[in-house]
>>> print(open('input08.cif').read())   # mmCIF, C-alpha atoms
data_structure
loop_
_atom_site.label_atom_id
_atom_site.label_comp_id
_atom_site.auth_asym_id
_atom_site.auth_seq_id
_atom_site.Cartn_x
_atom_site.Cartn_y
_atom_site.Cartn_z
CA MET A 29 -54.67 29.15 22.24
CA LYS A 30 -55.37 30.36 18.72
CA ASP A 31 -59.11 30.49 19.33
CA LEU A 32 -58.56 33.10 22.04
CA VAL A 33 -57.33 35.74 19.64
CA TYR A 34 -59.75 38.51 18.80
CA LEU A 35 -58.77 41.38 16.50
CA THR A 36 -55.06 42.03 16.13
CA ASP A 37 -53.16 45.27 16.77
CA VAL A 38 -55.93 47.04 18.64
CA VAL A 39 -55.23 46.80 22.36
CA THR A 40 -54.05 49.75 24.43
CA LEU A 41 -51.73 47.71 26.69
CA SER A 42 -48.25 49.01 27.34
CA LEU A 43 -45.50 48.01 29.73
CA CYS A 44 -42.61 50.21 30.79
CA GLY A 45 -39.55 47.97 31.05
CA LYS A 46 -37.56 50.55 32.98
CA THR A 47 -40.13 50.86 35.76
CA CYS A 48 -40.86 47.11 36.04
CA ASN A 49 -39.44 45.56 39.21
CA GLY A 50 -39.95 41.98 38.04
CA CYS A 51 -42.37 41.01 40.82
CA GLY A 52 -44.35 38.80 38.43
CA MET A 53 -47.77 39.90 39.65
CA CYS A 54 -48.98 40.67 36.10
CA ILE A 55 -48.20 37.11 35.08
CA ARG A 56 -50.21 35.73 37.96
CA VAL A 57 -53.33 37.83 37.33
CA CYS A 58 -53.47 37.74 33.53
CA PRO A 59 -56.20 35.39 32.26
CA HIS A 60 -54.69 35.12 28.78
CA GLU A 61 -50.94 34.55 29.23
CA VAL A 62 -49.98 37.92 27.81
CA PHE A 63 -46.83 38.30 29.93
CA GLU A 64 -43.67 36.35 30.60
CA LEU A 65 -40.86 36.92 33.07
CA SER A 66 -37.34 36.84 31.70
CA GLY A 67 -34.18 38.59 32.79
CA LYS A 68 -35.93 39.73 36.01
CA LYS A 69 -38.41 41.79 34.00
CA ALA A 70 -41.89 41.20 32.69
CA HIS A 71 -42.34 41.20 28.93
CA ILE A 72 -45.41 41.29 26.72
CA ILE A 73 -45.22 38.09 24.67
CA ASN A 74 -48.82 37.64 23.46
CA ARG A 75 -50.06 41.16 22.93
CA ASP A 76 -53.06 40.18 20.81
CA PHE A 77 -54.36 37.86 23.54
CA CYS A 78 -54.99 40.90 25.78
CA MET A 79 -58.65 41.65 26.49
CA GLU A 80 -58.00 44.88 28.36
CA CYS A 81 -59.47 43.63 31.64
CA GLY A 82 -56.96 45.76 33.53
CA ALA A 83 -55.98 43.20 36.19
CA CYS A 84 -52.25 43.63 35.48
CA ALA A 85 -52.27 47.42 35.72
CA MET A 86 -54.43 47.27 38.86
CA ASN A 87 -51.97 44.93 40.59
CA CYS A 88 -48.69 46.43 39.41
CA PRO A 89 -47.12 47.92 42.55
CA VAL A 90 -44.86 50.25 40.55
CA GLN A 91 -47.39 51.37 37.91
CA ALA A 92 -45.32 50.04 35.05
CA ILE A 93 -48.39 48.93 33.09
CA THR A 94 -51.04 51.07 31.46
CA VAL A 95 -54.13 49.86 29.66
CA LYS A 96 -57.42 51.52 28.90
CA SER A 97 -59.62 48.87 30.43
CA GLY A 98 -63.33 48.38 30.01
CA VAL A 99 -66.02 46.03 28.85
CA GLY A 100 -65.44 44.40 25.47
CA CYS A 101 -69.18 44.27 24.97
CA ALA A 102 -71.17 45.64 22.04
CA ALA A 103 -74.36 46.01 24.09
CA GLY A 104 -72.38 47.94 26.70
CA ILE A 105 -70.90 50.24 24.06
CA ILE A 106 -74.36 50.89 22.56
CA ASN A 107 -75.60 51.64 26.09
CA GLY A 108 -72.75 54.10 26.50
CA ILE A 109 -73.55 55.82 23.20
CA LEU A 110 -77.27 56.10 24.07
CA ARG A 111 -76.57 57.50 27.53
CA ASN A 112 -73.54 59.48 26.52
CA THR A 113 -71.35 57.73 29.12
CA GLU A 114 -68.44 55.30 29.10
CA PRO A 115 -69.37 51.79 27.90
CA THR A 116 -71.39 50.16 30.65
CA CYS A 117 -73.36 46.99 31.21
CA GLY A 118 -76.27 49.31 31.81
CA CYS A 119 -77.85 48.09 35.01
CA SER A 120 -75.54 49.48 37.68
CA ASP A 121 -77.92 52.31 38.60
CA SER A 122 -80.36 49.95 40.19
CA GLY A 123 -77.57 47.95 41.77
CA ALA A 124 -78.67 44.98 39.72
CA ALA A 125 -76.78 42.18 38.05
CA CYS A 126 -75.72 41.99 34.45
CA CYS A 127 -72.86 41.08 32.09
CA MET B 24 -84.19 31.37 56.02
CA ASN B 25 -81.71 30.51 53.30
CA THR B 26 -81.12 27.12 51.76
CA PHE B 27 -77.49 26.65 52.65
CA THR B 28 -76.69 27.36 56.34
CA THR B 29 -76.62 24.37 58.65
CA GLY B 30 -76.21 26.24 61.91
CA ILE B 31 -74.26 28.94 63.69
CA ILE B 32 -70.81 28.50 65.17
CA GLN B 33 -69.43 30.63 67.98
CA TYR B 34 -65.88 31.61 67.23
CA ALA B 35 -63.59 34.29 68.69
CA GLY B 36 -66.59 36.09 70.13
CA ALA B 37 -68.50 36.11 66.88
CA SER B 38 -71.52 34.15 65.64
CA ILE B 39 -70.72 32.80 62.22
CA PRO B 40 -73.13 30.86 59.98
CA ARG B 41 -71.87 27.49 58.83
CA VAL B 42 -72.73 26.55 55.26
CA SER B 43 -73.27 23.20 53.64
CA THR B 44 -71.03 22.11 50.77
CA LYS B 45 -73.83 20.09 49.23
CA LEU B 46 -76.18 21.77 46.80
CA LYS B 47 -79.87 20.96 47.08
CA THR B 48 -82.54 20.69 44.40
CA ILE B 49 -83.67 24.22 45.21
CA ASP B 50 -80.13 25.55 44.55
CA PHE B 51 -80.15 23.76 41.22
CA LEU B 52 -83.59 25.15 40.33
CA GLY B 53 -82.40 28.61 41.30
CA SER B 54 -79.44 28.33 38.95
CA VAL B 55 -81.63 27.20 36.06
CA MET B 56 -83.96 30.13 36.70
CA VAL B 57 -81.22 32.76 36.74
CA ARG B 58 -79.78 31.35 33.53
CA TRP B 59 -83.15 32.17 31.99
CA GLY B 60 -83.05 35.63 33.52
CA ILE B 61 -85.63 34.89 36.21
CA ARG B 62 -84.81 36.61 39.53
CA ARG B 63 -81.34 37.12 38.11
CA ASN B 64 -81.04 40.64 39.47
CA ASN B 65 -81.76 39.59 42.98
CA TYR B 66 -80.07 36.21 43.48
CA ARG B 67 -77.90 37.15 46.40
CA VAL B 68 -76.23 36.02 49.58
CA ILE B 69 -75.83 38.33 52.58
CA PRO B 70 -72.21 39.60 52.56
CA GLY B 71 -69.98 38.66 55.48
CA LEU B 72 -68.06 35.73 56.91
CA TYR B 73 -69.20 32.10 56.67
CA ALA B 74 -67.69 28.87 57.97
CA VAL B 75 -67.20 25.60 56.08
CA GLY B 76 -66.58 22.41 58.04
CA GLU B 77 -64.72 22.94 61.34
CA PRO B 78 -62.46 25.90 60.66
CA ASP B 79 -59.97 27.34 63.14
CA ALA B 80 -57.41 30.13 63.35
CA GLY B 81 -55.11 28.39 60.90
CA SER B 82 -57.75 27.77 58.24
CA ASP B 83 -57.81 29.37 54.82
CA VAL B 84 -60.03 32.30 53.91
CA PHE B 85 -61.70 32.22 50.48
CA VAL B 86 -63.03 35.52 49.22
CA THR B 87 -65.95 35.55 46.79
CA ALA B 88 -68.90 37.53 45.41
CA ASN B 89 -72.45 37.58 46.74
CA TYR B 90 -74.09 36.32 43.54
CA LYS B 91 -75.62 33.10 44.81
CA LEU B 92 -74.66 31.18 41.66
CA THR B 93 -71.03 32.08 42.41
CA PHE B 94 -71.33 31.40 46.13
CA ASP B 95 -72.87 27.96 45.46
CA ASN B 96 -70.05 27.10 43.10
CA VAL B 97 -67.46 28.02 45.74
CA ARG B 98 -69.02 26.10 48.66
CA LYS B 99 -69.63 23.06 46.45
CA ASN B 100 -65.92 22.95 45.68
CA LEU B 101 -64.90 23.24 49.35
CA THR B 102 -66.24 19.80 50.26
CA GLY B 103 -63.95 18.25 52.86
CA ILE B 104 -62.15 21.53 53.56
CA ASN B 105 -62.29 23.39 56.86
CA GLY B 106 -62.19 27.05 55.96
CA TRP B 107 -63.77 30.47 55.94
CA ILE B 108 -65.66 32.13 53.11
CA LEU B 109 -65.59 35.92 53.05
CA VAL B 110 -68.44 37.17 50.87
CA LEU B 111 -68.10 40.68 49.46
CA ASP B 112 -71.09 42.84 48.57
CA THR B 113 -70.99 42.78 44.77
CA LYS B 114 -74.71 43.62 44.39
CA GLY B 115 -75.43 40.09 43.29
CA VAL B 116 -72.93 40.13 40.42
CA ASN B 117 -70.32 37.45 39.68
CA VAL B 118 -66.65 38.01 40.52
CA TRP B 119 -65.31 38.97 37.10
CA CYS B 120 -68.07 41.40 36.13
CA ALA B 121 -68.16 42.85 39.65
CA ALA B 122 -64.40 43.39 39.53
CA GLY B 123 -64.85 45.24 36.24
CA LYS B 124 -67.65 47.33 37.70
CA GLY B 125 -65.74 48.22 40.85
CA THR B 126 -67.80 46.36 43.44
CA PHE B 127 -65.46 43.39 43.87
CA ALA B 128 -62.83 45.94 44.72
CA THR B 129 -59.99 46.91 47.03
CA LYS B 130 -62.19 49.23 49.07
CA GLU B 131 -64.97 46.70 49.59
CA LEU B 132 -62.46 43.98 50.53
CA VAL B 133 -60.65 46.22 53.01
CA ASN B 134 -63.95 47.33 54.58
CA ARG B 135 -65.25 43.78 54.77
CA ILE B 136 -62.02 42.53 56.40
CA ARG B 137 -62.42 45.26 59.05
CA GLN B 138 -66.15 44.68 59.47
CA VAL B 139 -65.73 40.98 60.30
CA SER B 140 -62.51 41.65 62.30
CA LEU B 141 -60.67 39.02 60.29
CA GLU B 142 -57.47 39.51 62.29
CA LYS B 143 -59.32 38.15 65.34
CA ILE B 144 -60.57 35.09 63.48
CA ILE B 145 -57.33 33.85 61.93
CA ASN B 146 -53.72 33.84 63.11
CA HIS B 147 -52.13 34.11 59.67
CA LYS B 148 -52.13 36.74 56.94
CA ARG B 149 -53.13 34.78 53.85
CA ILE B 150 -56.41 35.37 52.05
CA ILE B 151 -57.28 33.61 48.81
CA LEU B 152 -59.03 35.50 46.04
CA PRO B 153 -60.28 34.16 42.73
CA GLN B 154 -57.87 35.25 40.03
CA LEU B 155 -60.58 37.05 38.08
CA GLY B 156 -61.09 39.35 41.06
CA ALA B 157 -57.72 40.91 40.22
CA THR B 158 -59.38 43.31 37.79
CA GLY B 159 -60.88 45.11 40.78
CA VAL B 160 -58.46 44.43 43.64
CA ALA B 161 -54.94 45.77 44.05
CA ALA B 162 -53.18 43.19 46.22
CA TYR B 163 -50.43 45.58 47.31
CA LYS B 164 -52.99 48.13 48.53
CA VAL B 165 -54.85 45.50 50.56
CA LYS B 166 -51.50 44.62 52.16
CA GLU B 167 -50.79 48.29 52.94
CA GLU B 168 -54.20 48.90 54.47
CA THR B 169 -54.88 45.66 56.35
CA GLY B 170 -51.65 43.68 56.50
CA PHE B 171 -53.28 40.72 54.75
CA ASN B 172 -51.56 39.09 51.79
CA VAL B 173 -53.79 38.50 48.81
CA HIS B 174 -53.03 35.20 47.10
CA TYR B 175 -54.67 34.99 43.71
CA GLY B 176 -56.01 31.50 43.34
CA PRO B 177 -57.29 29.70 40.28
CA VAL B 178 -59.86 31.11 37.84
CA ARG B 179 -62.23 28.21 38.54
CA ALA B 180 -63.36 27.16 42.02
CA SER B 181 -63.02 23.53 40.93
CA ASP B 182 -59.22 23.98 41.01
CA ILE B 183 -59.12 25.23 44.64
CA LYS B 184 -58.09 21.89 46.12
CA LYS B 185 -55.29 21.43 43.64
CA PHE B 186 -54.20 25.03 44.21
CA ILE B 187 -53.85 24.34 47.94
CA ALA B 188 -52.15 20.99 47.39
CA ASP B 189 -49.62 22.68 45.09
CA GLY B 190 -48.60 25.03 47.90
CA TYR B 191 -50.92 27.96 47.02
CA ARG B 192 -49.66 28.19 43.49
CA ALA B 193 -51.91 28.44 40.47
CA ASP B 194 -50.25 26.85 37.46
CA LYS B 195 -50.70 28.07 33.89
CA LYS B 196 -53.75 25.95 33.28
CA MET B 197 -55.50 27.20 36.42
CA ARG B 198 -54.83 30.80 35.43
CA ARG B 199 -56.08 30.50 31.90
CA VAL B 200 -59.59 31.58 30.96
CA THR B 201 -61.17 29.29 28.40
CA PHE B 202 -64.49 29.38 26.61
CA SER B 203 -65.65 25.83 26.08
CA LEU B 204 -68.72 24.72 24.16
CA LYS B 205 -70.41 24.00 27.49
CA ASP B 206 -69.65 27.53 28.74
CA ARG B 207 -70.97 29.04 25.54
CA ILE B 208 -74.19 27.02 25.58
CA LYS B 209 -74.89 27.99 29.21
CA LEU B 210 -75.08 31.61 28.02
CA VAL B 211 -77.68 30.97 25.32
CA PRO B 212 -80.83 31.28 27.51
CA ASN B 213 -79.68 34.58 28.95
CA ASP B 214 -78.84 36.02 25.54
CA PHE B 215 -82.21 34.86 24.28
CA MET B 216 -83.95 36.66 27.13
CA TYR B 217 -81.82 39.73 26.49
CA GLY B 218 -83.05 39.88 22.90
CA LYS B 219 -86.71 39.07 23.57
CA TYR B 220 -88.00 42.62 23.02
CA TYR B 221 -86.06 43.00 19.78
CA LEU B 222 -87.56 39.67 18.73
CA LEU B 223 -91.08 40.75 19.59
CA GLY B 224 -90.61 44.06 17.76
CA ALA B 225 -89.21 42.37 14.66
CA ALA B 226 -92.00 39.76 14.63
CA VAL B 227 -94.74 42.39 14.94
CA LEU B 228 -93.21 44.54 12.20
CA ILE B 229 -92.90 41.61 9.83
CA LEU B 230 -96.47 40.49 10.55
CA LEU B 231 -97.78 43.97 9.73
CA ILE B 232 -95.80 44.04 6.49
CA SER B 233 -97.19 40.63 5.57
CA GLY B 234 -100.65 42.18 5.66
CA LEU B 235 -99.71 44.40 2.72
CA SER B 236 -100.55 43.56 -0.89
CA SER B 237 -101.19 45.43 -4.15
CA LYS B 238 -104.77 45.84 -2.90
CA GLY B 239 -103.61 47.64 0.24
CA PHE B 240 -103.44 46.43 3.83
CA SER B 241 -105.62 43.62 5.11
CA PHE B 242 -105.38 41.59 8.30
CA SER B 243 -106.71 38.59 6.39
CA ASN B 244 -103.37 38.33 4.54
CA ILE B 245 -101.47 37.89 7.78
CA PRO B 246 -102.19 34.23 8.65
CA GLU B 247 -101.05 32.92 5.27
CA LYS B 248 -98.10 35.25 4.60
CA GLY B 249 -97.15 35.99 8.17
CA GLY B 250 -96.36 32.45 9.25
CA PRO B 251 -93.30 31.88 7.04
CA ALA B 252 -92.15 35.44 7.77
CA VAL B 253 -92.13 34.84 11.52
CA VAL B 254 -90.31 31.54 11.00
CA ASN B 255 -87.61 33.45 9.08
CA ILE B 256 -87.24 35.98 11.91
CA LEU B 257 -87.05 33.21 14.51
CA LEU B 258 -84.37 31.39 12.55
CA ALA B 259 -82.39 34.61 12.14
CA TYR B 260 -82.47 34.86 15.94
CA PHE B 261 -81.46 31.25 16.28
CA SER B 262 -78.54 32.00 13.99
CA GLY B 263 -77.25 34.91 16.06
CA ILE B 264 -78.00 33.57 19.52
CA VAL B 265 -77.37 29.83 19.18
CA LEU B 266 -75.54 29.02 15.96
CA THR B 267 -72.83 31.66 16.26
CA PRO B 268 -71.91 30.88 19.90
CA VAL B 269 -71.87 27.13 19.20
CA LEU B 270 -69.73 27.48 16.08
CA LEU B 271 -67.66 30.37 17.48
CA PRO B 272 -64.15 28.87 17.20
CA TYR B 273 -64.91 27.29 13.82
CA LEU B 274 -66.10 30.43 12.04
CA PRO B 275 -62.96 31.90 10.49
CA PRO B 276 -63.59 35.69 10.73
CA ARG B 277 -62.36 37.31 13.94
CA GLN B 278 -65.17 39.88 14.14
CA PHE B 279 -68.24 38.48 15.88
CA SER B 280 -70.51 40.49 13.58
CA VAL B 281 -68.93 38.84 10.52
CA LYS B 282 -69.24 35.40 12.15
CA GLY B 283 -72.93 36.21 12.63
CA PHE B 284 -73.24 37.35 9.03
CA TYR B 285 -71.96 33.94 7.88
CA THR B 286 -74.29 31.92 10.08
CA GLY B 287 -77.12 34.19 8.91
CA LEU B 288 -76.11 33.50 5.32
CA MET B 289 -76.25 29.75 6.01
CA VAL B 290 -79.73 30.09 7.48
CA PHE B 291 -80.82 32.24 4.53
CA ILE B 292 -79.62 29.63 2.02
CA PHE B 293 -81.38 26.91 4.00
CA LEU B 294 -84.63 28.91 3.95
CA LEU B 295 -84.21 29.72 0.26
CA LEU B 296 -83.94 26.02 -0.58
CA PHE B 297 -87.15 25.33 1.33
CA GLY B 298 -89.03 28.18 -0.33
CA PHE B 299 -89.48 30.31 2.78
CA THR B 300 -88.01 33.44 1.27
CA GLY B 301 -90.88 34.56 -0.90
CA SER B 302 -91.98 34.26 -4.47
CA ASN B 303 -90.15 37.06 -6.24
CA ILE B 304 -86.56 38.25 -6.45
CA ILE B 305 -87.25 41.40 -4.42
CA GLU B 306 -88.58 39.38 -1.49
CA ILE B 307 -85.67 36.96 -1.69
CA PHE B 308 -83.16 39.82 -1.53
CA SER B 309 -85.18 41.40 1.26
CA TRP B 310 -84.85 38.24 3.37
CA PHE B 311 -81.13 38.04 2.65
CA PHE B 312 -80.67 41.52 4.12
CA ILE B 313 -83.02 41.06 7.07
CA ILE B 314 -81.73 37.65 8.17
CA THR B 315 -78.04 38.50 7.93
CA ALA B 316 -78.55 41.86 9.68
CA ILE B 317 -80.37 40.30 12.64
CA SER B 318 -77.91 37.44 12.93
CA SER B 319 -74.90 39.73 12.68
CA PHE B 320 -76.24 42.16 15.29
CA LEU B 321 -77.04 39.46 17.83
CA ALA B 322 -73.70 37.74 17.24
CA MET B 323 -71.97 41.07 17.83
CA ASN B 324 -73.72 41.32 21.18
CA PHE B 325 -72.16 38.00 22.12
CA THR B 326 -68.84 39.86 22.46
CA GLY B 327 -70.03 40.85 25.94
CA SER B 328 -70.61 37.23 26.91
CA SER B 329 -67.32 36.01 25.48
CA THR B 330 -64.16 35.81 27.54
CA TYR B 331 -61.60 37.25 25.17
CA THR B 332 -62.83 40.41 23.45
CA SER B 333 -61.32 43.79 24.31
CA LEU B 334 -63.04 47.15 24.48
CA SER B 335 -60.77 48.60 21.78
CA GLY B 336 -61.46 45.61 19.54
CA VAL B 337 -65.23 45.71 19.91
CA LYS B 338 -65.26 49.47 19.26
CA LYS B 339 -63.26 48.94 16.09
CA GLU B 340 -65.53 46.14 14.94
CA MET B 341 -68.69 48.15 15.63
CA LYS B 342 -67.51 51.21 13.74
CA PHE B 343 -67.76 49.15 10.58
CA SER B 344 -70.48 46.65 11.44
CA LEU B 345 -73.18 48.69 13.10
CA PRO B 346 -73.77 51.00 10.09
CA VAL B 347 -73.75 47.96 7.77
CA GLN B 348 -76.29 46.16 9.97
CA ILE B 349 -78.53 49.21 10.07
CA GLY B 350 -78.20 49.61 6.30
CA PHE B 351 -78.98 45.94 5.68
CA ALA B 352 -81.98 45.93 8.01
CA SER B 353 -83.48 49.10 6.50
CA THR B 354 -82.87 47.92 2.93
CA GLY B 355 -84.44 44.59 3.84
CA VAL B 356 -87.56 46.15 5.28
CA ILE B 357 -87.97 48.55 2.33
CA LEU B 358 -87.57 45.69 -0.16
CA GLN B 359 -90.00 43.62 1.87
CA VAL B 360 -92.64 46.33 1.49
CA ILE B 361 -91.88 46.85 -2.22
CA GLY B 362 -92.07 43.08 -2.75
CA LYS B 363 -95.67 43.06 -1.56
CA PHE B 364 -96.74 45.30 -4.42
CA ILE B 365 -95.25 43.26 -7.23
#
>>> encode(input="input08.cif", output="structure tokens")
Amino acid sequence: MKDLVYLTDVVTLSLCGKTCNGCGMCIRVCPHEVFELSGKKAHIINRDFCMECGACAMNCPVQAITVKSGVGCAAGIINGILRNTEPTCGCSDSGAACC
Amino acid sequence: MNTFTTGIIQYAGASIPRVSTKLKTIDFLGSVMVRWGIRRNNYRVIPGLYAVGEPDAGSDVFVTANYKLTFDNVRKNLTGINGWILVLDTKGVNVWCAAGKGTFATKELVNRIRQVSLEKIINHKRIILPQLGATGVAAYKVKEETGFNVHYGPVRASDIKKFIADGYRADKKMRRVTFSLKDRIKLVPNDFMYGKYYLLGAAVLILLISGLSSKGFSFSNIPEKGGPAVVNILLAYFSGIVLTPVLLPYLPPRQFSVKGFYTGLMVFIFLLLFGFTGSNIIEIFSWFFIITAISSFLAMNFTGSSTYTSLSGVKKEMKFSLPVQIGFASTGVILQVIGKFI
């Protein structure tokens, strides 16, 4: 698992323990084992494994999770700077493939 | 006519194409081509419902993207299964990227379920989505709007059978995204094609500089001096596009740009030992800056291909690395020119 860690202490992920209803959906959708269920609540156990894909927040039925999701892609960020938009893969205008 | 339907089945008043679970040579050729960027933007399957084997009302529904590479991978892994494939219109983009872009999304899934009248096809409420689609689909909203229960399956289609056998449960291993050597190497051709214009630009620039000497500019200098210069540029590319991805887990720095700097440094030392970095100290320093800048920049772009970098992380890395790369590249080019006049 160690090779999956990118920079530490940078991600925008946060989980509100009070709001969490313990449904476990975040655990099922997370590709990097960031969450764990204990005491009928989800907990962030591997914060630095998070890649801000946003799957957990998208599937949380009680909106207990927030994360500023987006593409972790330098080319996308450069595209965003050049076009003065959010980071983007850059080919969505033509409906074409990328990433 | 496409390469994968084997006929049409009539079911619940609808005509549904049946697809083969065997890939043909043409499918394989297509996948090699798109890896090299050829026809990549238009390698698509028509969205809608497809049948695999002899499905009935109790069969499973597998939802996927309309990138043909993805679709092929799904049908290949459904060999021996009787089921339905529901293809969403993701504009020819794979599941994970499409989910991030908002085409593999709640709205498209809900619309597609309605368009094919899925409730008339099956008598149960379970639809299986690839786990990586979760970035774009809110399962609870799909339930609210259509009554169907989204079951997030494994990340990889090759685990579908095990997922079903385990009672529609994806274990930890099936849910985990990895980034094996094989996965990383598959991305090399595409990254190479992505950088081809940068490569051409860099090669032309370096060839023009190699025409310079203390006597001014002459094209006749280019064949002799330009050859080694272009080799250096090519190897700097190789460093960023091939060496860094291959060595990714073994290069200690976390920042991709720093990993690329190190592989660039290795290539520079290699070239230095073989006398490719010029005859005077200025030229040698120039090549150090140019090679490491190119390698670092291309390695940084590999963040987008990788499976574990975050937006916040890449932004942080770039704030430091991009100015350094620009500084290195400019210094390198200036020294290169100065070196010609010594």
>>> interface_residues(input="input08.cif", of="chain A", to="chain B", cutoff="6 Å", atoms="only C-alpha atoms", output="list in words")
Asp31, Tyr34, Leu35, Val38, Val39, Val57, Pro59, His60, Met79, Glu80, Gly82, Ala83, Met86, Asn87, Gly98, Val99, Gly100, Cys101, Ala102, Ala103, Gly123, Ala124 and Ala125 of chain A
>>> write_last_selection(input="input08.cif", atoms="C-alpha atoms", output="PDB file, in the coordinates of the input")
ATOM      1  CA  ASP A  31     -59.110  30.490  19.330  1.00  0.00           C
ATOM      2  CA  TYR A  34     -59.750  38.510  18.800  1.00  0.00           C
ATOM      3  CA  LEU A  35     -58.770  41.380  16.500  1.00  0.00           C
ATOM      4  CA  VAL A  38     -55.930  47.040  18.640  1.00  0.00           C
ATOM      5  CA  VAL A  39     -55.230  46.800  22.360  1.00  0.00           C
ATOM      6  CA  VAL A  57     -53.330  37.830  37.330  1.00  0.00           C
ATOM      7  CA  PRO A  59     -56.200  35.390  32.260  1.00  0.00           C
ATOM      8  CA  HIS A  60     -54.690  35.120  28.780  1.00  0.00           C
ATOM      9  CA  MET A  79     -58.650  41.650  26.490  1.00  0.00           C
ATOM     10  CA  GLU A  80     -58.000  44.880  28.360  1.00  0.00           C
ATOM     11  CA  GLY A  82     -56.960  45.760  33.530  1.00  0.00           C
ATOM     12  CA  ALA A  83     -55.980  43.200  36.190  1.00  0.00           C
ATOM     13  CA  MET A  86     -54.430  47.270  38.860  1.00  0.00           C
ATOM     14  CA  ASN A  87     -51.970  44.930  40.590  1.00  0.00           C
ATOM     15  CA  GLY A  98     -63.330  48.380  30.010  1.00  0.00           C
ATOM     16  CA  VAL A  99     -66.020  46.030  28.850  1.00  0.00           C
ATOM     17  CA  GLY A 100     -65.440  44.400  25.470  1.00  0.00           C
ATOM     18  CA  CYS A 101     -69.180  44.270  24.970  1.00  0.00           C
ATOM     19  CA  ALA A 102     -71.170  45.640  22.040  1.00  0.00           C
ATOM     20  CA  ALA A 103     -74.360  46.010  24.090  1.00  0.00           C
ATOM     21  CA  GLY A 123     -77.570  47.950  41.770  1.00  0.00           C
ATOM     22  CA  ALA A 124     -78.670  44.980  39.720  1.00  0.00           C
ATOM     23  CA  ALA A 125     -76.780  42.180  38.050  1.00  0.00           C
TER      24      ALA A 125
END
>>> atom_distance(input="input08.cif", atom1="atom CA of B:Ile104", atom2="atom CA of B:Ala74")
10.2 Å
>>> axis_aligned_box(input="input08.cif", around="stretch 53-63 of chain B", padding_each_side="8 Å", output="AutoDock Vina command-line options")
--center_x -82.5 --center_y 32.2 --center_z 36.6 --size_x 22.2 --size_y 25.9 --size_z 25.3
>>> resolve_selection(input="input08.cif", expression="the PyMOL selection byres ((chain A and resi 67-69) around 9)", output="PyMOL selection string")
chain A and resi 45-46+48-52+64-66+70-71
>>> closest_residue(input="input08.cif", among="A:Cys78, A:Ile72, A:Val62, A:Ile105", to="A:Leu43", atoms="all atoms listed in the file")
A:Ile72
>>> residues_around(input="input08.cif", residues="stretch 257-260 of chain B", least_positions_apart="4", cutoff="9 Å", atoms="all atoms listed in the file", output="number ranges by chain")
B: 215, 218, 222, 226, 252-253, 264-265, 286-287, 290-291, 294, 313-318, 321
>>> build_atoms(input="input08.cif", residues="stretch 145-156 of chain B", atoms="N, CA and C atoms", output="PDB file, in the coordinates of the input")
ATOM      1  N   ILE B 145     -58.454  34.698  62.365  1.00  0.00           N
ATOM      2  CA  ILE B 145     -57.330  33.850  61.930  1.00  0.00           C
ATOM      3  C   ILE B 145     -56.001  34.379  62.470  1.00  0.00           C
ATOM      4  N   ASN B 146     -55.024  33.467  62.564  1.00  0.00           N
ATOM      5  CA  ASN B 146     -53.720  33.840  63.110  1.00  0.00           C
ATOM      6  C   ASN B 146     -52.643  33.929  62.035  1.00  0.00           C
ATOM      7  N   HIS B 147     -53.095  33.963  60.770  1.00  0.00           N
ATOM      8  CA  HIS B 147     -52.130  34.110  59.670  1.00  0.00           C
ATOM      9  C   HIS B 147     -52.582  35.256  58.791  1.00  0.00           C
ATOM     10  N   LYS B 148     -51.852  35.545  57.740  1.00  0.00           N
ATOM     11  CA  LYS B 148     -52.130  36.740  56.940  1.00  0.00           C
ATOM     12  C   LYS B 148     -52.504  36.432  55.492  1.00  0.00           C
ATOM     13  N   ARG B 149     -52.898  35.159  55.240  1.00  0.00           N
ATOM     14  CA  ARG B 149     -53.130  34.780  53.850  1.00  0.00           C
ATOM     15  C   ARG B 149     -54.632  34.742  53.526  1.00  0.00           C
ATOM     16  N   ILE B 150     -55.031  35.492  52.540  1.00  0.00           N
ATOM     17  CA  ILE B 150     -56.410  35.370  52.050  1.00  0.00           C
ATOM     18  C   ILE B 150     -56.380  35.007  50.570  1.00  0.00           C
ATOM     19  N   ILE B 151     -57.282  34.123  50.181  1.00  0.00           N
ATOM     20  CA  ILE B 151     -57.280  33.610  48.810  1.00  0.00           C
ATOM     21  C   ILE B 151     -58.407  34.240  48.012  1.00  0.00           C
ATOM     22  N   LEU B 152     -58.036  34.876  46.923  1.00  0.00           N
ATOM     23  CA  LEU B 152     -59.030  35.500  46.040  1.00  0.00           C
ATOM     24  C   LEU B 152     -59.068  34.763  44.719  1.00  0.00           C
ATOM     25  N   PRO B 153     -60.243  34.726  44.079  1.00  0.00           N
ATOM     26  CA  PRO B 153     -60.280  34.160  42.730  1.00  0.00           C
ATOM     27  C   PRO B 153     -59.460  35.054  41.803  1.00  0.00           C
ATOM     28  N   GLN B 154     -58.745  34.452  40.892  1.00  0.00           N
ATOM     29  CA  GLN B 154     -57.870  35.250  40.030  1.00  0.00           C
ATOM     30  C   GLN B 154     -58.618  36.359  39.289  1.00  0.00           C
ATOM     31  N   LEU B 155     -59.839  36.062  38.860  1.00  0.00           N
ATOM     32  CA  LEU B 155     -60.580  37.050  38.080  1.00  0.00           C
ATOM     33  C   LEU B 155     -61.003  38.272  38.902  1.00  0.00           C
ATOM     34  N   GLY B 156     -60.832  38.181  40.222  1.00  0.00           N
ATOM     35  CA  GLY B 156     -61.090  39.350  41.060  1.00  0.00           C
ATOM     36  C   GLY B 156     -59.992  40.402  40.934  1.00  0.00           C
TER      37      GLY B 156
END
